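Okay, model10.csv is below, CSV, C-alpha atoms:
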```
chain,number,residue,atom,x,y,z
A,206,MET,CA,-140.5,-30.4,-21.7
A,207,ALA,CA,-141.5,-26.7,-22.2
A,208,ASP,CA,-139.8,-26.0,-18.9
A,209,HIS,CA,-136.6,-27.4,-20.1
A,210,LEU,CA,-136.7,-25.6,-23.4
A,211,PHE,CA,-137.4,-22.3,-21.5
A,212,GLU,CA,-134.5,-23.0,-19.2
A,213,TYR,CA,-132.2,-24.0,-22.1
A,214,THR,CA,-133.1,-20.9,-24.2
A,215,LEU,CA,-132.6,-18.7,-21.2
A,216,ARG,CA,-129.1,-20.0,-20.7
A,217,LEU,CA,-128.2,-19.3,-24.3
A,218,GLY,CA,-129.7,-15.8,-24.0
A,219,ASP,CA,-128.1,-15.0,-20.7
A,220,ASN,CA,-124.7,-16.0,-21.8
A,221,CYS,CA,-124.9,-13.6,-24.6
A,222,LEU,CA,-126.5,-10.8,-22.6
A,223,ILE,CA,-124.1,-10.9,-19.7
A,224,LEU,CA,-121.0,-11.2,-21.8
A,225,GLY,CA,-122.3,-8.5,-24.2
A,226,GLN,CA,-122.8,-6.2,-21.2
A,227,ARG,CA,-119.3,-6.9,-19.9
A,228,LEU,CA,-117.8,-6.1,-23.3
A,229,ALA,CA,-119.8,-2.9,-23.4
A,230,GLU,CA,-118.1,-1.8,-20.2
A,231,TRP,CA,-114.9,-1.4,-22.3
A,232,THR,CA,-116.5,1.4,-24.4
A,233,GLY,CA,-114.3,4.4,-24.0
A,234,HIS,CA,-111.7,2.5,-22.0
A,235,ALA,CA,-110.1,0.1,-24.5
A,236,PRO,CA,-106.3,0.4,-25.0
A,237,ILE,CA,-106.7,2.0,-28.4
A,238,LEU,CA,-109.6,3.4,-30.5
A,239,GLU,CA,-109.5,0.5,-32.9
A,240,GLU,CA,-110.0,-2.0,-30.1
A,241,ASP,CA,-112.7,0.1,-28.5
A,242,LEU,CA,-114.7,-0.3,-31.7
A,243,ALA,CA,-113.9,-4.0,-32.0
A,244,LEU,CA,-115.0,-4.8,-28.4
A,245,GLY,CA,-118.2,-2.8,-29.0
A,246,ASN,CA,-118.8,-4.8,-32.1
A,247,LEU,CA,-118.3,-8.1,-30.3
A,248,GLY,CA,-120.7,-6.9,-27.6
A,249,LEU,CA,-123.3,-5.9,-30.0
A,250,ASP,CA,-123.1,-9.3,-31.8
A,251,LEU,CA,-123.8,-10.9,-28.5
A,252,LEU,CA,-126.6,-8.5,-27.6
A,253,GLY,CA,-128.3,-9.2,-30.9
A,254,GLN,CA,-128.2,-12.9,-30.2
A,255,ALA,CA,-129.4,-12.3,-26.6
A,256,ARG,CA,-132.5,-10.5,-27.9
A,257,ALA,CA,-133.4,-13.4,-30.2
A,258,PHE,CA,-132.9,-16.0,-27.5
A,259,LEU,CA,-134.7,-14.0,-24.8
A,260,THR,CA,-137.7,-13.1,-27.0
A,261,TYR,CA,-138.0,-16.8,-27.9
A,262,ALA,CA,-137.6,-17.8,-24.2
A,263,GLY,CA,-140.5,-15.5,-23.3
A,264,LYS,CA,-142.6,-17.1,-26.0
A,265,VAL,CA,-141.8,-20.6,-24.8
A,266,GLU,CA,-142.6,-19.7,-21.2
A,267,GLY,CA,-146.0,-18.3,-22.3
A,268,LYS,CA,-146.4,-15.8,-19.5
A,269,GLY,CA,-146.2,-12.8,-21.7
A,270,ARG,CA,-142.7,-11.8,-20.7
A,271,SER,CA,-140.8,-9.8,-23.3
A,272,GLU,CA,-137.0,-9.8,-23.9
A,273,ASP,CA,-136.8,-6.6,-21.9
A,274,ASP,CA,-138.8,-8.1,-19.0
A,275,LEU,CA,-136.3,-11.0,-18.9
A,276,ALA,CA,-133.2,-8.8,-19.3
A,277,PHE,CA,-134.1,-6.0,-16.9
A,278,LEU,CA,-136.6,-7.3,-14.3
A,279,ARG,CA,-135.0,-10.5,-13.1
A,280,ASP,CA,-132.8,-10.7,-10.1
A,281,ALA,CA,-129.3,-12.4,-10.1
A,282,HIS,CA,-130.5,-15.8,-9.0
A,283,ALA,CA,-132.9,-16.0,-11.9
A,284,PHE,CA,-130.1,-15.6,-14.4
A,285,ARG,CA,-128.8,-18.7,-16.1
A,286,ASN,CA,-125.5,-17.7,-17.7
A,287,VAL,CA,-122.4,-19.8,-17.1
A,288,SER,CA,-120.2,-18.2,-14.4
A,289,LEU,CA,-117.4,-17.6,-16.9
A,290,VAL,CA,-119.1,-14.7,-18.7
A,291,GLU,CA,-119.9,-12.7,-15.5
A,292,GLN,CA,-116.3,-12.6,-14.4
A,293,PRO,CA,-115.0,-9.0,-14.3
A,294,ASN,CA,-113.1,-7.7,-17.3
A,295,GLY,CA,-109.8,-7.3,-15.4
A,296,ASP,CA,-107.2,-5.9,-17.8
A,297,PHE,CA,-107.3,-6.4,-21.6
A,298,GLY,CA,-105.4,-9.7,-21.3
A,299,GLN,CA,-108.0,-11.1,-18.9
A,300,THR,CA,-110.9,-10.0,-21.1
A,301,MET,CA,-109.2,-11.7,-24.1
A,302,ALA,CA,-108.6,-14.8,-22.1
A,303,ARG,CA,-112.3,-15.0,-21.1
A,304,HIS,CA,-113.3,-14.4,-24.6
A,305,LEU,CA,-111.0,-17.0,-26.0
A,306,LEU,CA,-112.3,-19.7,-23.7
A,307,PHE,CA,-115.9,-18.7,-24.2
A,308,ALA,CA,-115.9,-18.1,-28.0
A,309,GLY,CA,-113.9,-21.3,-28.4
A,310,TRP,CA,-116.8,-23.2,-26.7
A,311,TYR,CA,-119.8,-21.2,-27.8
A,312,SER,CA,-118.9,-21.4,-31.5
A,313,LEU,CA,-118.9,-25.2,-31.1
A,314,VAL,CA,-122.3,-25.1,-29.4
A,315,LEU,CA,-123.8,-22.9,-32.1
A,316,GLU,CA,-122.4,-25.3,-34.8
A,317,ARG,CA,-124.3,-28.1,-33.1
A,318,LEU,CA,-127.4,-26.0,-32.7
A,319,THR,CA,-127.7,-25.2,-36.4
A,320,GLN,CA,-128.8,-28.9,-36.6
A,321,SER,CA,-131.3,-28.5,-33.7
A,322,GLN,CA,-134.8,-29.9,-34.1
A,323,ASP,CA,-136.1,-26.6,-32.8
A,324,SER,CA,-136.3,-24.4,-35.8
A,325,THR,CA,-136.0,-21.1,-33.9
A,326,LEU,CA,-132.8,-22.1,-32.1
A,327,ALA,CA,-131.4,-23.5,-35.4
A,328,ALA,CA,-132.1,-20.2,-37.2
A,329,VAL,CA,-130.5,-18.0,-34.4
A,330,ALA,CA,-127.5,-20.4,-34.4
A,331,GLU,CA,-127.2,-20.2,-38.2
A,332,LYS,CA,-126.8,-16.4,-38.0
A,333,GLY,CA,-124.7,-16.5,-34.8
A,334,VAL,CA,-122.2,-19.0,-35.9
A,335,LYS,CA,-120.6,-16.6,-38.4
A,336,GLU,CA,-120.4,-13.9,-35.8
A,337,ILE,CA,-118.8,-16.1,-33.2
A,338,ALA,CA,-116.3,-17.5,-35.7
A,339,TYR,CA,-115.0,-13.9,-35.9
A,340,HIS,CA,-115.0,-13.6,-32.1
A,341,TRP,CA,-112.8,-16.7,-31.9
A,342,ARG,CA,-110.4,-15.3,-34.5
A,343,HIS,CA,-110.1,-12.0,-32.8
A,344,ALA,CA,-109.5,-13.5,-29.3
A,345,ALA,CA,-107.0,-16.0,-30.7
A,346,GLU,CA,-105.0,-13.5,-32.6
A,347,TRP,CA,-104.8,-11.2,-29.5
A,348,THR,CA,-103.9,-14.1,-27.2
A,349,ILE,CA,-101.0,-15.1,-29.5
A,350,ARG,CA,-99.7,-11.6,-29.8
A,351,LEU,CA,-99.9,-10.8,-26.0
A,352,GLY,CA,-98.6,-14.3,-25.0
A,353,ASP,CA,-95.8,-14.1,-27.5
A,354,GLY,CA,-95.2,-10.4,-27.0
A,355,THR,CA,-93.3,-8.5,-24.3
A,356,ASP,CA,-92.5,-9.8,-20.8
A,357,GLU,CA,-95.3,-7.7,-19.5
A,358,SER,CA,-97.9,-8.7,-22.0
A,359,HIS,CA,-97.0,-12.4,-21.5
A,360,ARG,CA,-97.3,-12.1,-17.8
A,361,ARG,CA,-100.7,-10.4,-18.0
A,362,MET,CA,-102.1,-12.8,-20.5
A,363,GLN,CA,-101.0,-15.8,-18.5
A,364,SER,CA,-102.4,-14.3,-15.3
A,365,GLY,CA,-105.7,-13.5,-17.1
A,366,LEU,CA,-105.9,-17.1,-18.2
A,367,HIS,CA,-105.4,-18.3,-14.6
A,368,GLN,CA,-108.1,-15.9,-13.4
A,369,VAL,CA,-110.8,-17.4,-15.6
A,370,TRP,CA,-109.7,-20.9,-16.4
A,371,GLY,CA,-111.4,-22.5,-13.4
A,372,TYR,CA,-114.8,-21.6,-14.7
A,373,THR,CA,-114.4,-23.7,-17.9
A,374,PRO,CA,-115.5,-27.2,-16.5
A,375,GLU,CA,-119.0,-25.8,-16.1
A,376,LEU,CA,-119.2,-25.3,-19.9
A,377,PHE,CA,-119.0,-29.1,-20.5
A,378,ARG,CA,-121.0,-30.4,-17.5
A,379,MET,CA,-124.4,-31.8,-18.5
A,380,ASP,CA,-127.3,-31.4,-16.1
A,381,GLU,CA,-130.9,-32.5,-16.3
A,382,THR,CA,-132.0,-29.7,-18.7
A,383,ASP,CA,-129.0,-30.3,-21.0
A,384,THR,CA,-129.7,-34.0,-21.1
A,385,ALA,CA,-133.4,-33.6,-21.8
A,386,MET,CA,-132.7,-31.1,-24.6
A,387,LEU,CA,-130.1,-33.4,-26.1
A,388,ARG,CA,-132.5,-36.4,-26.0
A,389,ALA,CA,-135.1,-34.2,-27.7
A,390,GLY,CA,-132.7,-33.4,-30.5
A,391,VAL,CA,-132.8,-29.8,-29.5
A,392,GLY,CA,-129.6,-29.2,-27.5
A,393,ALA,CA,-125.9,-29.9,-27.9
A,394,ASP,CA,-123.9,-32.6,-26.3
A,395,LEU,CA,-121.7,-30.4,-24.2
A,396,ALA,CA,-119.5,-33.1,-22.8
A,397,ALA,CA,-118.7,-34.3,-26.3
A,398,LEU,CA,-117.5,-30.8,-27.2
A,399,GLN,CA,-114.5,-31.0,-24.8
A,400,PRO,CA,-112.0,-32.7,-27.1
A,401,ALA,CA,-112.5,-30.2,-29.9
A,402,TRP,CA,-112.3,-27.3,-27.5
A,403,ASP,CA,-109.2,-28.7,-25.9
A,404,ALA,CA,-107.5,-29.0,-29.2
A,405,ARG,CA,-108.2,-25.6,-30.5
A,406,ILE,CA,-107.4,-23.9,-27.2
A,407,ASP,CA,-104.2,-25.8,-26.8
A,408,ALA,CA,-103.1,-24.9,-30.4
A,409,VAL,CA,-103.5,-21.2,-29.6
A,410,LEU,CA,-101.7,-21.5,-26.2
A,411,VAL,CA,-98.8,-23.3,-27.8
A,412,GLU,CA,-98.4,-20.7,-30.4
A,413,ALA,CA,-98.7,-18.0,-27.7
A,414,SER,CA,-96.1,-19.7,-25.5
A,415,LEU,CA,-98.6,-19.8,-22.7
A,416,GLU,CA,-99.2,-22.5,-20.1
A,417,ARG,CA,-102.5,-24.2,-19.9
A,418,PRO,CA,-103.7,-23.7,-16.4
A,419,SER,CA,-105.2,-26.6,-14.4
A,420,SER,CA,-107.3,-24.7,-11.8
A,421,VAL,CA,-110.9,-25.8,-11.3
A,422,THR,CA,-113.6,-23.8,-9.7
A,423,ARG,CA,-116.9,-25.5,-8.9
A,424,SER,CA,-119.2,-23.0,-10.6
A,425,ASN,CA,-123.0,-23.4,-11.2
A,426,GLY,CA,-124.0,-20.2,-12.9
A,427,LYS,CA,-126.3,-22.0,-15.3
A,428,GLN,CA,-128.3,-23.2,-12.3
A,429,GLY,CA,-128.6,-19.7,-11.0
A,430,VAL,CA,-125.8,-19.8,-8.5
A,431,HIS,CA,-123.7,-16.7,-9.2
A,432,SER,CA,-120.8,-14.8,-7.8
A,433,GLU,CA,-121.3,-11.4,-6.3
A,434,HIS,CA,-120.0,-9.9,-9.6
A,435,LEU,CA,-123.3,-10.5,-11.3
A,436,GLY,CA,-125.3,-8.6,-8.7
A,437,HIS,CA,-123.0,-5.5,-9.1
A,438,MET,CA,-123.3,-5.7,-12.8
A,439,LEU,CA,-127.1,-6.0,-12.8
A,440,SER,CA,-127.5,-3.1,-10.5
A,441,GLU,CA,-125.9,-1.0,-13.2
A,442,MET,CA,-127.4,-2.7,-16.2
A,443,GLN,CA,-131.0,-2.7,-14.8
A,444,PHE,CA,-130.9,0.7,-13.0
A,445,LEU,CA,-133.0,2.6,-15.5
A,446,GLN,CA,-135.8,0.1,-15.7
A,447,ARG,CA,-135.9,-0.4,-11.9
A,448,ALA,CA,-135.8,3.4,-11.2
A,449,TYR,CA,-138.3,4.3,-13.9
A,450,PRO,CA,-140.5,1.2,-14.6
A,451,GLY,CA,-141.8,1.1,-18.1
A,452,MET,CA,-139.5,3.9,-19.3
A,453,GLU,CA,-139.2,4.1,-23.1
A,454,TRP,CA,-137.4,6.3,-25.5
B,173,MET,CA,-87.8,4.6,-26.3
B,174,SER,CA,-89.6,7.7,-27.4
B,175,GLN,CA,-93.4,8.0,-27.5
B,176,HIS,CA,-93.3,7.9,-31.2
B,177,GLU,CA,-91.5,4.6,-31.4
B,178,THR,CA,-93.9,2.8,-29.2
B,179,GLU,CA,-96.8,3.8,-31.4
B,180,TRP,CA,-98.2,1.2,-33.8
B,181,PRO,CA,-97.7,1.8,-37.5
B,182,LEU,CA,-100.3,3.5,-39.6
B,183,TRP,CA,-102.2,1.5,-42.2
B,184,GLU,CA,-104.3,2.8,-45.1
B,185,VAL,CA,-107.5,1.0,-45.7
B,186,PHE,CA,-109.1,0.3,-49.1
B,187,ILE,CA,-112.6,-1.3,-49.3
B,188,ARG,CA,-114.3,-2.8,-52.3
B,189,ALA,CA,-118.0,-2.4,-51.7
B,190,ARG,CA,-119.2,-4.9,-54.4
B,191,GLY,CA,-117.8,-7.3,-56.9
B,192,GLY,CA,-116.8,-5.5,-60.0
B,193,LEU,CA,-116.0,-2.2,-58.3
B,194,ASP,CA,-112.6,-0.9,-57.5
B,195,HIS,CA,-111.1,-0.9,-54.0
B,196,ARG,CA,-111.4,2.7,-52.7
B,197,HIS,CA,-109.5,4.4,-50.0
B,198,CYS,CA,-111.8,4.9,-47.0
B,199,GLY,CA,-109.5,5.8,-44.1
B,200,SER,CA,-106.6,4.8,-42.0
B,201,LEU,CA,-105.9,3.1,-38.6
B,202,ARG,CA,-103.2,1.9,-36.4
B,203,ALA,CA,-102.3,-1.8,-35.9
B,204,PRO,CA,-99.3,-3.8,-34.8
B,205,ASP,CA,-99.2,-6.0,-37.9
B,206,ALA,CA,-101.0,-6.8,-41.1
B,207,GLU,CA,-103.4,-9.4,-39.7
B,208,MET,CA,-104.5,-7.1,-36.9
B,209,ALA,CA,-104.8,-4.2,-39.4
B,210,LEU,CA,-107.2,-6.3,-41.4
B,211,MET,CA,-109.3,-7.1,-38.4
B,212,ASN,CA,-109.3,-3.5,-37.2
B,213,ALA,CA,-110.3,-2.4,-40.7
B,214,ARG,CA,-113.2,-4.9,-40.7
B,215,ASP,CA,-114.3,-3.5,-37.3
B,216,ALA,CA,-113.9,0.2,-38.1
B,217,TYR,CA,-115.0,0.4,-41.7
B,218,THR,CA,-117.4,-2.5,-42.6
B,219,ARG,CA,-119.9,-2.3,-39.7
B,220,ARG,CA,-122.7,-1.2,-42.0
B,221,GLY,CA,-122.3,-3.8,-44.7
B,222,GLU,CA,-119.9,-1.6,-46.8
B,223,GLY,CA,-117.4,-4.2,-47.6
B,224,HIS,CA,-116.8,-7.3,-49.7
B,225,SER,CA,-113.0,-7.1,-49.8
B,226,ILE,CA,-110.4,-5.2,-47.7
B,227,TRP,CA,-106.9,-4.1,-48.6
B,228,VAL,CA,-104.6,-2.7,-46.0
B,229,VAL,CA,-101.3,-1.1,-46.9
B,230,LYS,CA,-98.7,0.2,-44.5
B,231,ALA,CA,-98.8,4.0,-44.9
B,232,SER,CA,-95.0,4.1,-45.0
B,233,ASP,CA,-95.0,1.8,-48.1
B,234,ILE,CA,-97.0,4.3,-50.1
B,235,VAL,CA,-94.9,6.5,-52.4
B,236,ALA,CA,-96.6,9.8,-52.8
B,237,SER,CA,-95.9,12.7,-55.2
B,238,ASN,CA,-94.4,15.8,-53.6
B,239,PRO,CA,-96.7,18.8,-53.5
B,240,ASP,CA,-93.7,21.0,-54.5
B,241,ASP,CA,-93.6,19.1,-57.8
B,242,LYS,CA,-97.0,20.3,-58.7
B,243,GLY,CA,-95.8,22.8,-61.3
B,244,SER,CA,-93.5,20.4,-63.2
B,245,PHE,CA,-95.8,17.4,-62.7
B,246,TYR,CA,-99.2,18.7,-63.7
B,247,ASP,CA,-99.1,22.1,-65.3
B,248,PRO,CA,-97.6,21.0,-68.6
B,249,ALA,CA,-100.8,19.0,-69.2
B,250,ASP,CA,-103.0,22.1,-68.9
B,251,ASP,CA,-102.5,23.4,-72.4
B,252,LYS,CA,-102.5,20.0,-74.3
B,253,VAL,CA,-106.2,20.1,-75.2
B,254,TYR,CA,-105.5,17.8,-78.2
B,255,ARG,CA,-105.0,14.9,-75.7
B,256,HIS,CA,-108.8,15.0,-74.9
B,257,PRO,CA,-110.8,12.9,-77.3
B,258,SER,CA,-113.1,15.8,-78.2
B,259,PHE,CA,-112.0,16.6,-81.8
B,260,TYR,CA,-113.8,14.0,-83.8
B,261,GLN,CA,-117.5,13.2,-84.4
B,262,LEU,CA,-118.7,10.0,-83.0
B,263,PRO,CA,-120.8,7.8,-85.3
B,264,ASP,CA,-124.4,7.7,-84.0
B,265,GLU,CA,-124.1,3.9,-83.4
B,266,VAL,CA,-121.5,4.5,-80.7
B,267,ASP,CA,-123.5,5.5,-77.7
B,268,HIS,CA,-122.2,6.5,-74.2
B,269,MET,CA,-118.6,7.1,-74.9
```

Any chance you could give the structure as structure tokens?
Amino acid sequence: MADHLFEYTLRLGDNCLILGQRLAEWTGHAPILEEDLALGNLGLDLLGQARAFLTYAGKVEGKGRSEDDLAFLRDAHAFRNVSLVEQPNGDFGQTMARHLLFAGWYSLVLERLTQSQDSTLAAVAEKGVKEIAYHWRHAAEWTIRLGDGTDESHRRMQSGLHQVWGYTPELFRMDETDTAMLRAGVGADLAALQPAWDARIDAVLVEASLERPSSVTRSNGKQGVHSEHLGHMLSEMQFLQRAYPGMEW
Amino acid sequence: MSQHETEWPLWEVFIRARGGLDHRHCGSLRAPDAEMALMNARDAYTRRGEGHSIWVVKASDIVASNPDDKGSFYDPADDKVYRHPSFYQLPDEVDHM
């Protein structure tokens, strides 16, 4: 049971950490200054949630690992994020596509977790749900404007969606850990979130004049099976702690 | 299209810090439309808990006085001291006027 809770909390934390790091990669590179700030803000929201989840995961595990140990001293196969969030940023359209699909799902997950029997997860969810509601709004507004904008913005937005769409089935697939946590009243019923997610995504796509892709990629990020993208990303993210163990400032 | 025409319009941002206070001008930003201007303002100007309410106004919609009119607009008020409420004694009961 504690194993499942550790695993489950790690998944929540790793989703936030990895996507937060991806968004941070935009710093100084966003199309305009205003969006540079916005992407940084979104990333910091996620980093804050990652800290709370990983700290708690370390506590549940009971081996004395801190949030930093978990973030900086694990190899790629030990990460439990869904594959969607480790996908490269691509252009701005692709980043928004990834964020739309993720925030649309994650905000539903957090809504369920506010009712969790685990009071720590419920408390983190309570705070996070407001943050992610804004993420959803930001991504949806951009998707509509790019999809319904110029020929080039439409083409890029549609292609960004195609790039990441295949990783969405993983979001709703329940495995042993998900099922155990659902039975314990701790976790969310991921499969049951699909209709609500479909409805809100479809509404945005229609308004944006975008096609809903149908591609499916068999991804298993949350079981620790990752694309090569994660390894490259970790080598940058973890460099300092690997090169100078115990470094603080 | 010239560089200038492809640039997003400029918006002026006004933030109300707390209920009861006025909205105050705090800066400007660029955004393609009103909704995005509001979101950009939220991201640029309320990151440290500064805001409870945001107004954004297209800078081109603001009508400003002309600096060249300074003389005729403001100087005539300089010697009208009788417009200041400083020529009568306040009763003691009226505090903090």

Could you pull the residues within 6 Å of B:Gly223, counting all atoms listed in the file, minus those fewer than 4 positions along the same chain, as a ChimeraX atom specification? /B:187-189,218

Let me see the file: selected residues, C-alpha atoms, as a CSV table (one decimal), in the frame of the given file.
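Output file out_39.csv is given in full below:
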```csv
chain,number,residue,atom,x,y,z
B,187,ILE,CA,-112.6,-1.3,-49.3
B,188,ARG,CA,-114.3,-2.8,-52.3
B,189,ALA,CA,-118.0,-2.4,-51.7
B,218,THR,CA,-117.4,-2.5,-42.6
```

Any chance you could tabulate, as JSON lines, the residues of chain B at most 12 Å from chain A with each one's nearest atom pair and distance in Å to one decimal, using only C-alpha atoms, in chain and rising number order?
```
{"residue": "B:Glu179", "atom": "CA", "partner": "A:Ile237", "partner_atom": "CA", "distance": 10.5}
{"residue": "B:Trp180", "atom": "CA", "partner": "A:Ile237", "partner_atom": "CA", "distance": 10.1}
{"residue": "B:Leu182", "atom": "CA", "partner": "A:Glu239", "partner_atom": "CA", "distance": 11.8}
{"residue": "B:Trp183", "atom": "CA", "partner": "A:Glu239", "partner_atom": "CA", "distance": 11.9}
{"residue": "B:Ser200", "atom": "CA", "partner": "A:Glu239", "partner_atom": "CA", "distance": 10.5}
{"residue": "B:Leu201", "atom": "CA", "partner": "A:Glu239", "partner_atom": "CA", "distance": 7.2}
{"residue": "B:Arg202", "atom": "CA", "partner": "A:Glu239", "partner_atom": "CA", "distance": 7.3}
{"residue": "B:Ala203", "atom": "CA", "partner": "A:Glu239", "partner_atom": "CA", "distance": 8.1}
{"residue": "B:Pro204", "atom": "CA", "partner": "A:Arg350", "partner_atom": "CA", "distance": 9.3}
{"residue": "B:Asp205", "atom": "CA", "partner": "A:Arg350", "partner_atom": "CA", "distance": 9.9}
{"residue": "B:Ala206", "atom": "CA", "partner": "A:Glu346", "partner_atom": "CA", "distance": 11.5}
{"residue": "B:Glu207", "atom": "CA", "partner": "A:Glu346", "partner_atom": "CA", "distance": 8.4}
{"residue": "B:Met208", "atom": "CA", "partner": "A:Glu346", "partner_atom": "CA", "distance": 7.7}
{"residue": "B:Ala209", "atom": "CA", "partner": "A:Glu239", "partner_atom": "CA", "distance": 9.3}
{"residue": "B:Leu210", "atom": "CA", "partner": "A:His343", "partner_atom": "CA", "distance": 10.7}
{"residue": "B:Met211", "atom": "CA", "partner": "A:His343", "partner_atom": "CA", "distance": 7.5}
{"residue": "B:Asn212", "atom": "CA", "partner": "A:Glu239", "partner_atom": "CA", "distance": 5.9}
{"residue": "B:Ala213", "atom": "CA", "partner": "A:Glu239", "partner_atom": "CA", "distance": 8.4}
{"residue": "B:Arg214", "atom": "CA", "partner": "A:Ala243", "partner_atom": "CA", "distance": 8.8}
{"residue": "B:Asp215", "atom": "CA", "partner": "A:Ala243", "partner_atom": "CA", "distance": 5.3}
{"residue": "B:Ala216", "atom": "CA", "partner": "A:Leu242", "partner_atom": "CA", "distance": 6.5}
{"residue": "B:Tyr217", "atom": "CA", "partner": "A:Leu242", "partner_atom": "CA", "distance": 10.0}
{"residue": "B:Thr218", "atom": "CA", "partner": "A:Asn246", "partner_atom": "CA", "distance": 10.8}
{"residue": "B:Arg219", "atom": "CA", "partner": "A:Asn246", "partner_atom": "CA", "distance": 8.1}
{"residue": "B:Arg220", "atom": "CA", "partner": "A:Asn246", "partner_atom": "CA", "distance": 11.2}
```

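In this structure, atom CA of A:Glu412 sits 18.9 Å away from atom CA of A:Ala338.
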
Can you tell me, as a VMD selection string, what residues are no more than 7 Å from stretch 428-439 of chain A when counting all atoms listed in the file, ignoring any on the same chain fewer than 3 positions away? chain A and resid 281 to 285 288 291 to 293 425 442 to 443

Which residues, written as number ranges by chain, have at least one atom at most 9 Å from A:His340, with only C-alpha atoms counted and residues fewer than 6 positions away on the same chain left out? A: 247, 304-305, 308-309, 312

Deliver the residues from the most recent selection as a file, using C-alpha atoms, as a compact mmCIF listing (two decimals), keeping the file's coordinate frame.
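The resulting file, selection_3.txt, is shown below:
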```txt
# COMPACT_ATOMS: atom_id res chain seq x y z
CA LEU A 247 -118.30 -8.10 -30.30
CA HIS A 304 -113.30 -14.40 -24.60
CA LEU A 305 -111.00 -17.00 -26.00
CA ALA A 308 -115.90 -18.10 -28.00
CA GLY A 309 -113.90 -21.30 -28.40
CA SER A 312 -118.90 -21.40 -31.50
```

A:Asp403: which residues within 12 Å, counting all atoms listed in the file, same-chain residues fewer than 6 positions away excluded, as an mmCIF file with C-alpha atoms, in the frame of the given file?
```cif
data_model
loop_
_atom_site.group_PDB
_atom_site.id
_atom_site.type_symbol
_atom_site.label_atom_id
_atom_site.label_comp_id
_atom_site.auth_asym_id
_atom_site.auth_seq_id
_atom_site.Cartn_x
_atom_site.Cartn_y
_atom_site.Cartn_z
ATOM 1 C CA LEU A 305 -111.000 -17.000 -26.000
ATOM 2 C CA LEU A 306 -112.300 -19.700 -23.700
ATOM 3 C CA GLY A 309 -113.900 -21.300 -28.400
ATOM 4 C CA TRP A 310 -116.800 -23.200 -26.700
ATOM 5 C CA LEU A 313 -118.900 -25.200 -31.100
ATOM 6 C CA THR A 373 -114.400 -23.700 -17.900
ATOM 7 C CA PRO A 374 -115.500 -27.200 -16.500
ATOM 8 C CA PHE A 377 -119.000 -29.100 -20.500
ATOM 9 C CA ALA A 396 -119.500 -33.100 -22.800
ATOM 10 C CA ALA A 397 -118.700 -34.300 -26.300
ATOM 11 C CA VAL A 409 -103.500 -21.200 -29.600
ATOM 12 C CA LEU A 410 -101.700 -21.500 -26.200
ATOM 13 C CA VAL A 411 -98.800 -23.300 -27.800
ATOM 14 C CA ARG A 417 -102.500 -24.200 -19.900
#
```

Could you give me, as a list in words, the residues within 12 Å of A:Ser414, counting all atoms listed in the file and dropping anything in the same chain fewer than 3 positions from it? Thr348, Ile349, Arg350, Leu351, Gly352, Asp353, Gly354, Thr355, Asp356, Ser358, His359, Arg360, Met362, Gln363, Asp407, Ala408, Val409, Leu410, Val411 and Arg417 of chain A

Output C-alpha atoms of each residue in that selection to a file, as an mmCIF file, in the coordinates of the input.
```cif
data_model
loop_
_atom_site.group_PDB
_atom_site.id
_atom_site.type_symbol
_atom_site.label_atom_id
_atom_site.label_comp_id
_atom_site.auth_asym_id
_atom_site.auth_seq_id
_atom_site.Cartn_x
_atom_site.Cartn_y
_atom_site.Cartn_z
ATOM 1 C CA THR A 348 -103.900 -14.100 -27.200
ATOM 2 C CA ILE A 349 -101.000 -15.100 -29.500
ATOM 3 C CA ARG A 350 -99.700 -11.600 -29.800
ATOM 4 C CA LEU A 351 -99.900 -10.800 -26.000
ATOM 5 C CA GLY A 352 -98.600 -14.300 -25.000
ATOM 6 C CA ASP A 353 -95.800 -14.100 -27.500
ATOM 7 C CA GLY A 354 -95.200 -10.400 -27.000
ATOM 8 C CA THR A 355 -93.300 -8.500 -24.300
ATOM 9 C CA ASP A 356 -92.500 -9.800 -20.800
ATOM 10 C CA SER A 358 -97.900 -8.700 -22.000
ATOM 11 C CA HIS A 359 -97.000 -12.400 -21.500
ATOM 12 C CA ARG A 360 -97.300 -12.100 -17.800
ATOM 13 C CA MET A 362 -102.100 -12.800 -20.500
ATOM 14 C CA GLN A 363 -101.000 -15.800 -18.500
ATOM 15 C CA ASP A 407 -104.200 -25.800 -26.800
ATOM 16 C CA ALA A 408 -103.100 -24.900 -30.400
ATOM 17 C CA VAL A 409 -103.500 -21.200 -29.600
ATOM 18 C CA LEU A 410 -101.700 -21.500 -26.200
ATOM 19 C CA VAL A 411 -98.800 -23.300 -27.800
ATOM 20 C CA ARG A 417 -102.500 -24.200 -19.900
#
```

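Remark: for A:Glu375, the closest of the candidate residues A:Ala404, A:Leu289, A:Ile337, A:Ala330 is A:Leu289 (distances computed over only C-alpha atoms).
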
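Closest approach to A:Glu212 from the set A:Val265, A:Leu318, A:Leu415, A:Val369 is made by A:Val265, with distances taken over all atoms listed in the file.
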
Please, what distance in Å, to one decimal, runs between atom CA of A:Leu249 and atom CA of A:Gly225? 6.4 Å

Between atom CA of B:Ile234 and atom CA of B:Tyr246, distance in Å (one decimal): 19.9 Å

Check the smallest atom-to-atom distance from each of B:Lys242, B:Lys252, B:Arg196, B:Lys230 to B:Glu184 using only C-alpha atoms, then report the winner. B:Lys230
